[in-house]
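Presented below is the structure to which this report refers.
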Amino acid sequence: QVQFVESGGGLVQPGGSLELSCAASRMISSVFSSQSMGWYRQTPGKEREFVARIDGNRMTDYAESVKGRFTVSRDNGKKKVYLQLNSLKPEDTAVYYCNTVPVNRAWGQGTQVTVSS
């Protein structure tokens with residue numbers, strides 16, 4: 001069964017940066033390369049929301065709230081997806097997850113991003 005392992009979260013001050021990584025273990029490389037992958041985030045009491053996606057042709061799409069600040073990328077050889085977070089705001093605080101687009105795999109444990117002074 002495919003597992004997503006997210007990492008790279010942490011505590012950062014407003015205006016700071018982080019890079020998140022997501023490893024797609026047990027996914028066949030050819031499947032991963034053509035699969036649209038996305039980043040999502042969730043805060044307590046709220047539904048998980050879409051943040052960014054990158055398709056097999058490396059076309060990208062972002063939620064309006066992160067456009068111009070976050071950048072999604074992928075390394076098909078390593079079966080990894082990345083999310084560069086810049087100009088972080090307190091409202092970016094959340095647990096960040098990766099999954100397919102549309103979502104059709106089990107969720108990983110996520111990685112906590114906390115933006116606070």
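In the structure tokens, the first chain shown is A, the next is B, and so on; residue numbers restart at 1 for each chain, and ligands run from 1 in the order shown.
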Find the residues around range 98-109 of chain A up to 9 Å (only C-alpha atoms counted), leave out those fewer than 2 positions away in its own chain, and share them as a PyMOL selection string.
chain A and resi 1-6+21-24+35-41+53-55+81+95-96+111
For the residues in that selection, give me N, CA, C and O atoms as a compact mmCIF listing (two decimals), in the first residue's frame.
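Listing of out.txt after writing:
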# COMPACT_ATOMS: atom_id res chain seq x y z
N GLN A 1 0.84 -1.19 0.00
CA GLN A 1 0.00 0.00 0.00
C GLN A 1 0.88 1.24 0.00
O GLN A 1 1.86 1.32 0.74
N VAL A 2 0.52 2.20 -0.83
CA VAL A 2 1.30 3.44 -0.90
C VAL A 2 1.23 4.19 0.41
O VAL A 2 0.17 4.30 1.03
N GLN A 3 2.38 4.69 0.83
CA GLN A 3 2.44 5.52 2.01
C GLN A 3 3.11 6.84 1.68
O GLN A 3 4.07 6.87 0.91
N PHE A 4 2.58 7.90 2.23
CA PHE A 4 3.19 9.21 2.08
C PHE A 4 3.84 9.60 3.41
O PHE A 4 3.20 9.52 4.46
N VAL A 5 5.09 10.00 3.34
CA VAL A 5 5.82 10.41 4.53
C VAL A 5 6.25 11.85 4.35
O VAL A 5 7.12 12.15 3.53
N GLU A 6 5.63 12.73 5.14
CA GLU A 6 5.92 14.16 5.07
C GLU A 6 6.95 14.54 6.12
O GLU A 6 6.97 13.96 7.21
N SER A 21 8.96 18.19 2.51
CA SER A 21 9.19 17.08 1.58
C SER A 21 8.14 16.01 1.79
O SER A 21 7.65 15.82 2.91
N CYS A 22 7.83 15.31 0.74
CA CYS A 22 6.90 14.18 0.82
C CYS A 22 7.47 13.04 -0.01
O CYS A 22 7.72 13.21 -1.21
N ALA A 23 7.69 11.92 0.64
CA ALA A 23 8.18 10.73 -0.05
C ALA A 23 7.03 9.77 -0.26
O ALA A 23 6.28 9.46 0.67
N ALA A 24 6.89 9.30 -1.49
CA ALA A 24 5.82 8.37 -1.83
C ALA A 24 6.40 6.96 -1.89
O ALA A 24 6.83 6.50 -2.94
N GLN A 35 1.56 10.85 -12.04
CA GLN A 35 0.50 11.15 -11.08
C GLN A 35 0.52 12.61 -10.66
O GLN A 35 1.57 13.15 -10.28
N SER A 36 -0.63 13.27 -10.70
CA SER A 36 -0.74 14.60 -10.12
C SER A 36 -0.65 14.47 -8.61
O SER A 36 -1.36 13.66 -8.01
N MET A 37 0.20 15.29 -8.02
CA MET A 37 0.41 15.25 -6.57
C MET A 37 0.08 16.60 -5.98
O MET A 37 0.32 17.65 -6.60
N GLY A 38 -0.47 16.56 -4.77
CA GLY A 38 -0.88 17.80 -4.15
C GLY A 38 -0.44 17.91 -2.70
O GLY A 38 -0.12 16.92 -2.05
N TRP A 39 -0.42 19.14 -2.23
CA TRP A 39 -0.22 19.43 -0.82
C TRP A 39 -1.54 19.97 -0.27
O TRP A 39 -2.23 20.76 -0.93
N TYR A 40 -1.82 19.56 0.94
CA TYR A 40 -3.04 19.96 1.63
C TYR A 40 -2.66 20.35 3.06
O TYR A 40 -1.59 19.99 3.54
N ARG A 41 -3.53 21.07 3.73
CA ARG A 41 -3.25 21.41 5.12
C ARG A 41 -4.53 21.42 5.93
O ARG A 41 -5.64 21.60 5.38
N ARG A 53 -0.67 21.94 -6.19
CA ARG A 53 -0.54 20.67 -6.89
C ARG A 53 0.43 20.82 -8.05
O ARG A 53 0.66 21.93 -8.56
N ILE A 54 0.95 19.68 -8.45
CA ILE A 54 1.84 19.62 -9.61
C ILE A 54 1.49 18.35 -10.37
O ILE A 54 1.41 17.26 -9.78
N ASP A 55 1.27 18.48 -11.67
CA ASP A 55 0.88 17.30 -12.42
C ASP A 55 2.09 16.64 -13.06
O ASP A 55 3.24 17.04 -12.84
N VAL A 81 7.86 14.87 -3.58
CA VAL A 81 7.24 16.15 -3.88
C VAL A 81 7.67 17.13 -2.80
O VAL A 81 7.78 16.76 -1.62
N VAL A 95 -1.15 21.47 9.96
CA VAL A 95 -0.47 20.23 9.62
C VAL A 95 -0.58 20.08 8.10
O VAL A 95 -1.67 20.17 7.54
N TYR A 96 0.55 19.88 7.46
CA TYR A 96 0.62 19.78 6.01
C TYR A 96 0.76 18.33 5.59
O TYR A 96 1.56 17.58 6.16
N THR A 111 3.07 16.88 8.53
CA THR A 111 4.16 17.57 9.21
C THR A 111 3.65 18.92 9.70
O THR A 111 2.99 19.65 8.95
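Considering only chain A, backbone DSSP assigns alpha helix (DSSP H) to A:Ser29, A:Ser30, A:Val31, A:Phe32, A:Ser33, A:Ser34.
Considering only C-alpha atoms, the residue among A:Ser73, A:Ser116, A:Ser65, A:Ser25 positioned nearest to Thr93 in chain A is A:Ser116.
With only C-alpha atoms as the basis for measurement, A:Gly77 is the residue among A:Arg58, A:Gln42, A:Gly77, A:Lys67 that approaches Ser29 in chain A most closely.
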Write out as a PyMOL selection string the residues lying within 9 Å of Leu18 in chain A, counting only C-alpha atoms and excluding same-chain residues fewer than 6 positions away.
chain A and resi 8-10+12+83-86+88+113
Using the chain letters and numbers from this document, which residues of range 7-50 of chain A does DSSP assign to strand (DSSP E), as a ChimeraX atom specification?
/A:7,10-12,18-25,37-42,49-50
Dump as a tab-separated table (two decimals), in the first residue's frame, selection limited to C-alpha atoms:
chain	number	residue	atom	x	y	z
A	7	SER	CA	8.78	16.00	6.73
A	10	GLY	CA	8.79	23.23	12.32
A	11	LEU	CA	8.45	26.49	14.18
A	12	VAL	CA	9.26	29.60	12.20
A	18	LEU	CA	10.50	26.26	5.26
A	19	GLU	CA	10.78	23.45	2.74
A	20	LEU	CA	8.53	20.46	3.15
A	21	SER	CA	9.19	17.08	1.58
A	22	CYS	CA	6.90	14.18	0.82
A	23	ALA	CA	8.18	10.73	-0.05
A	24	ALA	CA	5.82	8.37	-1.83
A	25	SER	CA	6.98	4.99	-0.69
A	37	MET	CA	0.41	15.25	-6.57
A	38	GLY	CA	-0.88	17.80	-4.15
A	39	TRP	CA	-0.22	19.43	-0.82
A	40	TYR	CA	-3.04	19.96	1.63
A	41	ARG	CA	-3.25	21.41	5.12
A	42	GLN	CA	-5.51	21.19	8.12
A	49	GLU	CA	-7.87	22.25	2.39
A	50	PHE	CA	-6.01	22.21	-0.88
Nearest to Met27 in chain A, chosen from A:Lys89, A:Phe70, A:Lys78, A:Thr60, with only C-alpha atoms counted in the distances
A:Lys78
